[in-house]
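Shown next, in structure tokens, is the structure this report addresses.
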Amino acid sequence: MSTAEVTTAAPTRSEARIARSERIRLLLRSPTVIVGAIVVAFWVFCALFPGLVAPHDPIFDNQFPTGLSPEWSHPFGTDTNGRDVFSRVLAGSRNILLIAPAATLLGTVLGTILGLITGYLRGVVDDVMSRFIDAVMSLPLIVTAILIVTAVGKSGNWVVILVIGLIFAPVVSRTVRAAVLQEAELDYVQAARLRGERAPYIMASEILPNVMSPVVVEFTVRLGYAIFTVASLTFIGFGVQPPSPDWAAQINQYWTFVDPYWWMTFFPALAIASLVVAVNLVADGIREVYER
Amino acid sequence: MTDATAPETATPPLALEVADLELVYKVRGVDRPVLRGVSFSIERGHSYGLVGESGCGKSTAALGIVRYLPRNGRITTGRVSVAGKDVLSLGGSGLRDYHARTVSMVYQNPGSALNPGMRVGAQVAEAFTVLGVHRKEARERSQDALARVQIADPSSVMDRYPHQLSGGMQQRVVIAMALAKDPALLILDEPTTGLDATVEAEVLDLVANLQAELQTAVLFISHNLGVIAKMCNRVGVLYAGRLVEEGPVETVLQDARHPYTVGLLRCIPRGGVRKDRGRLDTIPGFLPSLGATIAGCVFADRCALADDRCRTEEPPIEAVAGDHLARCFHHERAQELPREQVANIALPAVQREAPPLLRFDDLGKVFHQHGVDIHALVGVSTALWPGETLGLVGESGSGKTTLARTLLGIIGPTSGSVELEGRVLAPRFQKRSRDDLRSIQIVFQNPDSALNRRHSVQRILLRSMRKLAGIGGSEAQARVSALTERVRISERTLTQKPVQLSGGLKQRVAIARAFAGDPKLVVCDEPTSALDVSVQAAILNLLVELQAEQGVSYIFISHDLGVVRYISDRIAVLYLGRLMELGPADVVFDGPHHPYTEALLSAVPTIDGGGRERIRLAGDIPSAAEPPSGCVFQTRCPRKIGAVCETTEPPLVEVEEGHLMRCHIPLEELRALQAKGAPPARETVAQ
């Protein structure tokens, strides 16, 4: 009997660890995830060490002829101030990569808390909060953001992070709430109540660990949206201002000259697109692996 | 006619022939054998039962035969032929044709086998149109098909959606669809497992009748040996993907020749065995893990008869007598399989002179649903003494679970109150003191749902210790160690998470959690229904041991009457939220009993065969929103005596000492009636 116990227990011992490494293995096996991860990693590297990748200083090297179209020495051309667009694009990821993840994190954390509360407590709390969330979600994202930023009257990074975080929280809370509703039906939650646990403990210690999968998935998916939203807000003029090499700031500065100086707008736009697509590729992979 | 055709007509082709079937699942890049050289055959008009515990390959065998294997499943060698046609070589249109015309399968859960968004009529008609029948004719034939499965009003049922039908009706519809093509082979995979006993009995009767009428070959998969005994001609016992024993049903069940079959049969509480008269046998050890390489006999690790030869050499399957086959070197001694030595324990007698532990008076619960009042519990009263087990019996919707939840305070009663040791408890658990909470705990049916899968066993038990017993730190650690010892789980288990444990171990952890605060009453809500019989026996033994050691009382809910009889001192029979009968376990089982209890008992298929004559109950359980007038059981009661049953609800009276019953028929008359045997069936009430 003891031998049987050992033989069946041995393979199960590391079952949880195997499941985890299996997830990573599946992620690494998907070519789209690899491509996405490489592109994201590239932009993160550029944000951290712009000096190592950019051939020229993005702000102060303005000694070049203005308005040069792409050529060998300036692959993305030069802008109207005589700066190298290639260097500016490489250096322009910094701001977006700081604000978007921070905003997404804030939104995910707030949304998870909201989702836990509405999904677990149900009843009046859920009804009131959910109607409020519905109302927020029915507003167009960018318009709301502009409204809040304008109302606050400042346009620093923190304001943008806060605004995007607050706008994302309801969306995240919807997904988390659905997962919590399912989880709260399970008997272990009832067992916890029957031993006298209070609601905050049940939400944080019993239910939260079991809804982490949708939370992680939601974070990665929202990140893609956040990048786009940050870019949009910066484009309209909230957030960083020229002469910062930020992609959206560059587009804002040059989009009126798009004909004939298309490269000044096109390459920063391409950079934004590449980052958004790459993040979404990784997000898709993660969702597939987690929701299996 | 001519010599050439004569041999063919003399030996009709077998409906199903499976030869040397080897099947693997590819898991993490490795082929793991699931079926190891399985061979059996079914003649036309016969039924064959496949039994075995979960994970032994029953359902996989069925999926292999139907060619519905998941993508990682593959048949490596062997042959499957249905009605003389080789199935494994079929591809494309051949396979489609095979599914459309030759084979049918009925699954456990009829609710998920039917399309929820499609009317029943349209779904049944599909089974005909796929055969090339014209739409209009298909509809007519659907109506006939539903009538054939004894659906009283086919045309109205055809206009309904599946969710508007009861489970039994849904399964009838599924069976009607399966039989639409007049299949050569019908596979039933646990077709009645989710159904109530009386409904199960009806569905089984129906299948048996249709099979006799249509001469269909049936492959019947079930973990329930009683069902197999009732339904099948032959039975095959699967263990770890190997057919270990095969033969005519009566022979195998009465004279099993493989130690696994012998062990399995001994695990089942039957023949009136009770906790104070003996322990249940268990099968020690565990099923080999999926795809393990086994040198000798697959069962050697768990077999008390195994010797060195069994561990190194695979025994061949050989004839024991006639067409009874067993795969064991020691088949002659199989019946002498030594019993596992479980010490008999002394259960102290329940002291009924002492004040009761728990008393509830006139408990009632009304749920308001969509403006309708549903009386889930109506005036239920009784008491429970320390160390006593009260079994709750009844079909779904009878109020068993509502009663249990009311005692726990999960549901507040609409009327009545619960007293613990003479004190009235707060109706809801939120308002109960820690001492009250620890005094009444629960063991749930499904341990997967009952344990937090992200928490280690240690964390689960320590937390319960802290909240229920109010102990923390090193003292709690020591108490948890003692607790694990009491529920027989090893210390190593403590660091593991539920997902790493077997079903039986998980249920032990759940029991340990309930016992963390030394409870006085534990509500066991179908605690063994999700477990295999050998594990069930071990869990029941554990519950009895804990009762003997600690004098804890149980409220035990189960649909398995054998289990209830084994563990209960007294039994309460509920119907539509009302207590119909209450008395000592043996009295309730041996009778004379309430006509409803009588019907319930007769519906259970027994392994020993024969037994009681089945009592057919007319129609479905009435809705609790509109209970029948008078006695609530009168619409289905086979012993209804007349108008009084329809107008006056009989009171619950003590008919003999400690035996309460709610029936207009006097006890002595019931005794005489029930001695004469089953009453004639009443006509089925139209839907």
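Labels used: A, B, ... for chains in the order of the structure tokens, numbers from 1 for residues in each chain, and numbers from 1 for ligands as shown.
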Up to 9 Å from chain A, what residues of chain B turn up? Count only C-alpha atoms and give them as a PDB file with N, CA and C atoms, in the first residue's frame.
ATOM      1  N   ARG B  28       1.754  15.534 -22.973  1.00  0.00           N
ATOM      2  CA  ARG B  28       3.088  16.138 -22.972  1.00  0.00           C
ATOM      3  C   ARG B  28       4.058  15.334 -23.822  1.00  0.00           C
ATOM      4  N   PRO B 284      -7.365  -1.134  -0.655  1.00  0.00           N
ATOM      5  CA  PRO B 284      -6.238  -0.260  -0.313  1.00  0.00           C
ATOM      6  C   PRO B 284      -5.517   0.230  -1.572  1.00  0.00           C
ATOM      7  N   GLY B 285      -4.799   1.327  -1.436  1.00  0.00           N
ATOM      8  CA  GLY B 285      -3.975   1.818  -2.539  1.00  0.00           C
ATOM      9  C   GLY B 285      -4.749   2.630  -3.546  1.00  0.00           C
ATOM     10  N   PHE B 286      -4.084   2.919  -4.640  1.00  0.00           N
ATOM     11  CA  PHE B 286      -4.668   3.765  -5.673  1.00  0.00           C
ATOM     12  C   PHE B 286      -4.545   3.120  -7.045  1.00  0.00           C
ATOM     13  N   LEU B 287      -5.381   3.587  -7.964  1.00  0.00           N
ATOM     14  CA  LEU B 287      -5.287   3.197  -9.363  1.00  0.00           C
ATOM     15  C   LEU B 287      -3.918   3.633  -9.887  1.00  0.00           C
ATOM     16  N   PRO B 288      -3.244   2.794 -10.700  1.00  0.00           N
ATOM     17  CA  PRO B 288      -1.965   3.241 -11.257  1.00  0.00           C
ATOM     18  C   PRO B 288      -2.177   4.522 -12.050  1.00  0.00           C
ATOM     19  N   SER B 289      -1.187   5.409 -12.032  1.00  0.00           N
ATOM     20  CA  SER B 289      -1.372   6.670 -12.746  1.00  0.00           C
ATOM     21  C   SER B 289      -1.459   6.403 -14.243  1.00  0.00           C
ATOM     22  N   ASP B 301      -0.516  -4.423  -7.284  1.00  0.00           N
ATOM     23  CA  ASP B 301      -0.138  -3.502  -6.214  1.00  0.00           C
ATOM     24  C   ASP B 301      -1.170  -3.414  -5.109  1.00  0.00           C
ATOM     25  N   ARG B 302      -2.417  -3.662  -5.431  1.00  0.00           N
ATOM     26  CA  ARG B 302      -3.487  -3.471  -4.444  1.00  0.00           C
ATOM     27  C   ARG B 302      -4.115  -4.792  -4.019  1.00  0.00           C
ATOM     28  N   LEU B 408     -27.764  25.085   9.169  1.00  0.00           N
ATOM     29  CA  LEU B 408     -26.467  25.750   9.152  1.00  0.00           C
ATOM     30  C   LEU B 408     -26.601  27.267   9.217  1.00  0.00           C
ATOM     31  N   GLY B 409     -27.805  27.755   8.926  1.00  0.00           N
ATOM     32  CA  GLY B 409     -28.000  29.204   8.930  1.00  0.00           C
ATOM     33  C   GLY B 409     -27.658  29.849   7.606  1.00  0.00           C
ATOM     34  N   ILE B 410     -27.443  29.057   6.573  1.00  0.00           N
ATOM     35  CA  ILE B 410     -27.181  29.633   5.250  1.00  0.00           C
ATOM     36  C   ILE B 410     -28.483  30.244   4.732  1.00  0.00           C
ATOM     37  N   PHE B 429     -26.305  32.434   9.953  1.00  0.00           N
ATOM     38  CA  PHE B 429     -25.003  32.152  10.554  1.00  0.00           C
ATOM     39  C   PHE B 429     -24.204  33.418  10.843  1.00  0.00           C
ATOM     40  N   GLN B 430     -24.490  34.497  10.080  1.00  0.00           N
ATOM     41  CA  GLN B 430     -23.736  35.743  10.292  1.00  0.00           C
ATOM     42  C   GLN B 430     -23.893  36.250  11.726  1.00  0.00           C
ATOM     43  N   ARG B 432     -24.415  34.273  14.329  1.00  0.00           N
ATOM     44  CA  ARG B 432     -24.116  33.255  15.327  1.00  0.00           C
ATOM     45  C   ARG B 432     -22.722  33.473  15.919  1.00  0.00           C
ATOM     46  N   SER B 433     -22.550  33.068  17.157  1.00  0.00           N
ATOM     47  CA  SER B 433     -21.264  33.231  17.823  1.00  0.00           C
ATOM     48  C   SER B 433     -20.272  32.217  17.267  1.00  0.00           C
ATOM     49  N   ARG B 434     -18.991  32.434  17.556  1.00  0.00           N
ATOM     50  CA  ARG B 434     -17.974  31.506  17.067  1.00  0.00           C
ATOM     51  C   ARG B 434     -18.241  30.101  17.581  1.00  0.00           C
ATOM     52  N   LEU B 437     -20.852  28.568  15.522  1.00  0.00           N
ATOM     53  CA  LEU B 437     -20.360  28.247  14.178  1.00  0.00           C
ATOM     54  C   LEU B 437     -19.544  26.969  14.198  1.00  0.00           C
ATOM     55  N   ARG B 438     -18.666  26.845  15.195  1.00  0.00           N
ATOM     56  CA  ARG B 438     -17.809  25.653  15.217  1.00  0.00           C
ATOM     57  C   ARG B 438     -18.623  24.404  15.552  1.00  0.00           C
ATOM     58  N   ILE B 440     -21.626  23.544  14.476  1.00  0.00           N
ATOM     59  CA  ILE B 440     -22.304  22.960  13.316  1.00  0.00           C
ATOM     60  C   ILE B 440     -21.462  23.230  12.085  1.00  0.00           C
ATOM     61  N   GLN B 441     -20.903  22.212  11.502  1.00  0.00           N
ATOM     62  CA  GLN B 441     -20.095  22.368  10.302  1.00  0.00           C
ATOM     63  C   GLN B 441     -20.638  21.482   9.181  1.00  0.00           C
ATOM     64  N   ILE B 442     -20.047  21.603   8.007  1.00  0.00           N
ATOM     65  CA  ILE B 442     -20.590  20.883   6.862  1.00  0.00           C
ATOM     66  C   ILE B 442     -19.488  20.221   6.046  1.00  0.00           C
ATOM     67  N   VAL B 443     -19.798  19.069   5.475  1.00  0.00           N
ATOM     68  CA  VAL B 443     -18.936  18.437   4.472  1.00  0.00           C
ATOM     69  C   VAL B 443     -19.737  18.421   3.175  1.00  0.00           C
ATOM     70  N   PHE B 444     -19.175  19.063   2.148  1.00  0.00           N
ATOM     71  CA  PHE B 444     -19.918  19.206   0.901  1.00  0.00           C
ATOM     72  C   PHE B 444     -19.788  17.964   0.022  1.00  0.00           C
ATOM     73  N   ASN B 446     -18.988  17.900  -3.313  1.00  0.00           N
ATOM     74  CA  ASN B 446     -17.904  17.884  -4.286  1.00  0.00           C
ATOM     75  C   ASN B 446     -16.649  18.506  -3.697  1.00  0.00           C
ATOM     76  N   PRO B 447     -15.647  17.686  -3.372  1.00  0.00           N
ATOM     77  CA  PRO B 447     -14.463  18.236  -2.718  1.00  0.00           C
ATOM     78  C   PRO B 447     -13.682  19.195  -3.623  1.00  0.00           C
ATOM     79  N   ASP B 448     -13.856  19.083  -4.935  1.00  0.00           N
ATOM     80  CA  ASP B 448     -13.161  20.014  -5.830  1.00  0.00           C
ATOM     81  C   ASP B 448     -13.649  21.432  -5.614  1.00  0.00           C
ATOM     82  N   SER B 449     -14.943  21.537  -5.390  1.00  0.00           N
ATOM     83  CA  SER B 449     -15.522  22.857  -5.198  1.00  0.00           C
ATOM     84  C   SER B 449     -15.361  23.309  -3.747  1.00  0.00           C
ATOM     85  N   ALA B 450     -15.222  22.363  -2.837  1.00  0.00           N
ATOM     86  CA  ALA B 450     -15.220  22.699  -1.413  1.00  0.00           C
ATOM     87  C   ALA B 450     -13.867  23.174  -0.909  1.00  0.00           C
ATOM     88  N   LEU B 451     -12.806  22.878  -1.665  1.00  0.00           N
ATOM     89  CA  LEU B 451     -11.474  23.298  -1.225  1.00  0.00           C
ATOM     90  C   LEU B 451     -10.952  24.368  -2.174  1.00  0.00           C
ATOM     91  N   ASN B 452     -10.356  25.403  -1.604  1.00  0.00           N
ATOM     92  CA  ASN B 452      -9.771  26.457  -2.426  1.00  0.00           C
ATOM     93  C   ASN B 452      -8.541  25.906  -3.124  1.00  0.00           C
ATOM     94  N   ARG B 453      -8.583  25.912  -4.467  1.00  0.00           N
ATOM     95  CA  ARG B 453      -7.511  25.245  -5.196  1.00  0.00           C
ATOM     96  C   ARG B 453      -6.192  25.995  -5.154  1.00  0.00           C
ATOM     97  N   ARG B 454      -6.196  27.225  -4.671  1.00  0.00           N
ATOM     98  CA  ARG B 454      -4.936  27.975  -4.567  1.00  0.00           C
ATOM     99  C   ARG B 454      -4.306  27.849  -3.185  1.00  0.00           C
ATOM    100  N   HIS B 455      -4.996  27.216  -2.263  1.00  0.00           N
ATOM    101  CA  HIS B 455      -4.458  27.115  -0.906  1.00  0.00           C
ATOM    102  C   HIS B 455      -3.923  25.718  -0.648  1.00  0.00           C
ATOM    103  N   SER B 464      -8.875  27.244   9.433  1.00  0.00           N
ATOM    104  CA  SER B 464     -10.093  26.761  10.098  1.00  0.00           C
ATOM    105  C   SER B 464      -9.854  26.613  11.593  1.00  0.00           C
ATOM    106  N   LYS B 467      -9.980  30.117  13.052  1.00  0.00           N
ATOM    107  CA  LYS B 467     -11.288  30.759  13.102  1.00  0.00           C
ATOM    108  C   LYS B 467     -12.268  29.979  13.982  1.00  0.00           C
ATOM    109  N   LEU B 468     -12.195  28.653  13.929  1.00  0.00           N
ATOM    110  CA  LEU B 468     -13.211  27.868  14.633  1.00  0.00           C
ATOM    111  C   LEU B 468     -12.812  27.566  16.070  1.00  0.00           C
ATOM    112  N   GLN B 496       0.713  20.099   0.068  1.00  0.00           N
ATOM    113  CA  GLN B 496       0.182  19.994  -1.286  1.00  0.00           C
ATOM    114  C   GLN B 496      -1.077  20.827  -1.458  1.00  0.00           C
ATOM    115  N   LYS B 497      -1.393  21.086  -2.719  1.00  0.00           N
ATOM    116  CA  LYS B 497      -2.622  21.793  -3.032  1.00  0.00           C
ATOM    117  C   LYS B 497      -3.666  20.759  -3.466  1.00  0.00           C
ATOM    118  N   VAL B 499      -5.364  20.178  -5.981  1.00  0.00           N
ATOM    119  CA  VAL B 499      -5.295  19.611  -7.323  1.00  0.00           C
ATOM    120  C   VAL B 499      -4.339  18.421  -7.379  1.00  0.00           C
ATOM    121  N   GLN B 500      -3.415  18.359  -6.414  1.00  0.00           N
ATOM    122  CA  GLN B 500      -2.445  17.266  -6.410  1.00  0.00           C
ATOM    123  C   GLN B 500      -2.977  16.034  -5.684  1.00  0.00           C
ATOM    124  N   LEU B 501      -4.183  16.121  -5.149  1.00  0.00           N
ATOM    125  CA  LEU B 501      -4.706  15.017  -4.347  1.00  0.00           C
ATOM    126  C   LEU B 501      -5.794  14.260  -5.090  1.00  0.00           C
ATOM    127  N   ALA B 514     -13.911  20.406   8.580  1.00  0.00           N
ATOM    128  CA  ALA B 514     -15.140  20.471   9.361  1.00  0.00           C
ATOM    129  C   ALA B 514     -14.879  20.122  10.824  1.00  0.00           C
TER     130      ALA B 514
END
Can you tell me which residues surround Ser81 in chain B at a distance of at most 7 Å, considering only C-alpha atoms, apart from same-chain residues fewer than 2 positions away, and format the answer as a ChimeraX atom specification? /B:16-18,79,83-87
Output N, CA and C atoms for every residue in the selection just made, as a PDB file, in the first residue's frame.
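As a result, out.pdb now contains:
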ATOM      1  N   LEU B  16     -21.362  -5.915 -32.111  1.00  0.00           N
ATOM      2  CA  LEU B  16     -20.106  -5.206 -31.836  1.00  0.00           C
ATOM      3  C   LEU B  16     -19.032  -6.227 -31.533  1.00  0.00           C
ATOM      4  N   GLU B  17     -17.904  -6.026 -32.162  1.00  0.00           N
ATOM      5  CA  GLU B  17     -16.774  -6.875 -31.830  1.00  0.00           C
ATOM      6  C   GLU B  17     -15.559  -5.984 -31.636  1.00  0.00           C
ATOM      7  N   VAL B  18     -14.989  -6.056 -30.456  1.00  0.00           N
ATOM      8  CA  VAL B  18     -13.787  -5.288 -30.153  1.00  0.00           C
ATOM      9  C   VAL B  18     -12.695  -6.304 -29.908  1.00  0.00           C
ATOM     10  N   ARG B  79      -9.023  -4.031 -33.385  1.00  0.00           N
ATOM     11  CA  ARG B  79     -10.065  -4.016 -34.390  1.00  0.00           C
ATOM     12  C   ARG B  79     -11.390  -3.731 -33.701  1.00  0.00           C
ATOM     13  N   ALA B  83     -21.722  -4.375 -36.472  1.00  0.00           N
ATOM     14  CA  ALA B  83     -22.570  -5.058 -37.457  1.00  0.00           C
ATOM     15  C   ALA B  83     -21.733  -5.587 -38.624  1.00  0.00           C
ATOM     16  N   GLY B  84     -20.574  -6.119 -38.314  1.00  0.00           N
ATOM     17  CA  GLY B  84     -19.752  -6.734 -39.342  1.00  0.00           C
ATOM     18  C   GLY B  84     -18.899  -5.773 -40.141  1.00  0.00           C
ATOM     19  N   LYS B  85     -19.053  -4.461 -39.873  1.00  0.00           N
ATOM     20  CA  LYS B  85     -18.286  -3.473 -40.637  1.00  0.00           C
ATOM     21  C   LYS B  85     -17.089  -3.000 -39.821  1.00  0.00           C
ATOM     22  N   ASP B  86     -15.927  -2.952 -40.474  1.00  0.00           N
ATOM     23  CA  ASP B  86     -14.748  -2.471 -39.781  1.00  0.00           C
ATOM     24  C   ASP B  86     -14.873  -0.958 -39.562  1.00  0.00           C
ATOM     25  N   VAL B  87     -14.780  -0.527 -38.324  1.00  0.00           N
ATOM     26  CA  VAL B  87     -15.023   0.871 -37.998  1.00  0.00           C
ATOM     27  C   VAL B  87     -13.750   1.702 -38.095  1.00  0.00           C
TER      28      VAL B  87
END
Fewer than 5 positions away in the same chain doesn't count, so skip those; otherwise give me all residues within 9 Å of range 80-90 of chain A, counting only C-alpha atoms, as a ChimeraX atom specification. /A:43,46-47,50,53-68,74-75,244-247,250,254,261,263-264,267-268,271
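The two atoms in question, CA of Leu461 in chain B and CA of Ala478 in chain B, are spaced 11.4 Å apart.
Note that CA of Ser623 in chain B and CA of Leu146 in chain B are 23.1 Å apart.
Neighbours of Gly397 in chain B closer than or equal to 7 Å, with only C-alpha atoms counted and sequence neighbours fewer than 2 positions away skipped, come out as B:Glu395, B:Gly399, B:Leu576.
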For the selection you just gave me, I'd like the residues written to a file as an mmCIF file, in the first residue's frame, keeping C-alpha atoms.
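Output below, filename part13.cif:
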data_model
loop_
_atom_site.group_PDB
_atom_site.id
_atom_site.type_symbol
_atom_site.label_atom_id
_atom_site.label_comp_id
_atom_site.auth_asym_id
_atom_site.auth_seq_id
_atom_site.Cartn_x
_atom_site.Cartn_y
_atom_site.Cartn_z
ATOM 1 C CA GLU B 395 -35.802 12.944 -4.416
ATOM 2 C CA GLY B 399 -36.227 19.777 0.714
ATOM 3 C CA LEU B 576 -42.136 18.172 -1.373
#
Taking the DSSP assignment computed from this structure's backbone, write out as an MDAnalysis selection string all residues of range 425-566 of chain B that belong to strand (DSSP E). chainID B and resid 440:443 521:525 553:557
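For the atom pair formed by CA of Cys645 in chain B and CA of Gln369 in chain B, the distance is 28.5 Å, given to one decimal.
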So that I can see what lies close to Val587 in chain B, please list as a list in words the residues with an atom at most 10 Å from it, counting only C-alpha atoms and leaving out residues fewer than 3 positions away in the same chain. Arg570, Ile571, Leu582, Gly583, Pro584, Asp590, Gly591, Pro592, His593, Glu656, Gly658 and His659 of chain B
Contacts of range 549-665 of chain B with range 195-204 of chain B up to 10 Å, shortest pair per row, only C-alpha atoms, as JSON lines:
{"residue": "B:His559", "atom": "CA", "partner": "B:Ala197", "partner_atom": "CA", "distance": 7.5}
{"residue": "B:Asp560", "atom": "CA", "partner": "B:Ala197", "partner_atom": "CA", "distance": 8.6}
{"residue": "B:Leu561", "atom": "CA", "partner": "B:Ala197", "partner_atom": "CA", "distance": 9.5}
{"residue": "B:Ala599", "atom": "CA", "partner": "B:Thr198", "partner_atom": "CA", "distance": 7.4}
{"residue": "B:Leu600", "atom": "CA", "partner": "B:Thr198", "partner_atom": "CA", "distance": 6.2}
{"residue": "B:Leu601", "atom": "CA", "partner": "B:Ala197", "partner_atom": "CA", "distance": 8.6}
{"residue": "B:Ser602", "atom": "CA", "partner": "B:Thr198", "partner_atom": "CA", "distance": 8.5}
{"residue": "B:Ala603", "atom": "CA", "partner": "B:Thr198", "partner_atom": "CA", "distance": 5.3}
{"residue": "B:Val604", "atom": "CA", "partner": "B:Ala197", "partner_atom": "CA", "distance": 6.2}
{"residue": "B:Pro605", "atom": "CA", "partner": "B:Ala201", "partner_atom": "CA", "distance": 7.6}
{"residue": "B:Arg614", "atom": "CA", "partner": "B:Ala201", "partner_atom": "CA", "distance": 8.2}
{"residue": "B:Ile615", "atom": "CA", "partner": "B:Thr198", "partner_atom": "CA", "distance": 8.8}
{"residue": "B:Arg616", "atom": "CA", "partner": "B:Glu202", "partner_atom": "CA", "distance": 7.4}
{"residue": "B:Leu617", "atom": "CA", "partner": "B:Thr198", "partner_atom": "CA", "distance": 7.1}
{"residue": "B:Ala618", "atom": "CA", "partner": "B:Glu202", "partner_atom": "CA", "distance": 9.8}
{"residue": "B:Gly619", "atom": "CA", "partner": "B:Val199", "partner_atom": "CA", "distance": 9.1}
{"residue": "B:Asp620", "atom": "CA", "partner": "B:Val199", "partner_atom": "CA", "distance": 8.0}
{"residue": "B:Ile621", "atom": "CA", "partner": "B:Val199", "partner_atom": "CA", "distance": 9.5}
Got time to write the residues from that selection, C-alpha atoms, as a compact mmCIF listing (two decimals), in the first residue's frame?
# COMPACT_ATOMS: atom_id res chain seq x y z
CA HIS B 559 -29.63 9.48 -2.58
CA ASP B 560 -27.87 6.15 -2.13
CA LEU B 561 -30.18 4.28 0.18
CA ALA B 599 -41.69 3.20 -3.88
CA LEU B 600 -38.26 4.74 -3.31
CA LEU B 601 -36.87 1.51 -1.94
CA SER B 602 -38.31 -0.57 -4.73
CA ALA B 603 -36.81 1.74 -7.34
CA VAL B 604 -33.23 1.01 -6.35
CA PRO B 605 -31.65 -1.68 -8.49
CA ARG B 614 -40.72 -2.42 -8.71
CA ILE B 615 -43.44 0.04 -7.90
CA ARG B 616 -44.13 2.41 -10.74
CA LEU B 617 -44.81 5.95 -9.68
CA ALA B 618 -47.05 7.87 -12.01
CA GLY B 619 -45.68 11.08 -13.49
CA ASP B 620 -43.09 13.51 -12.25
CA ILE B 621 -42.66 15.12 -8.86
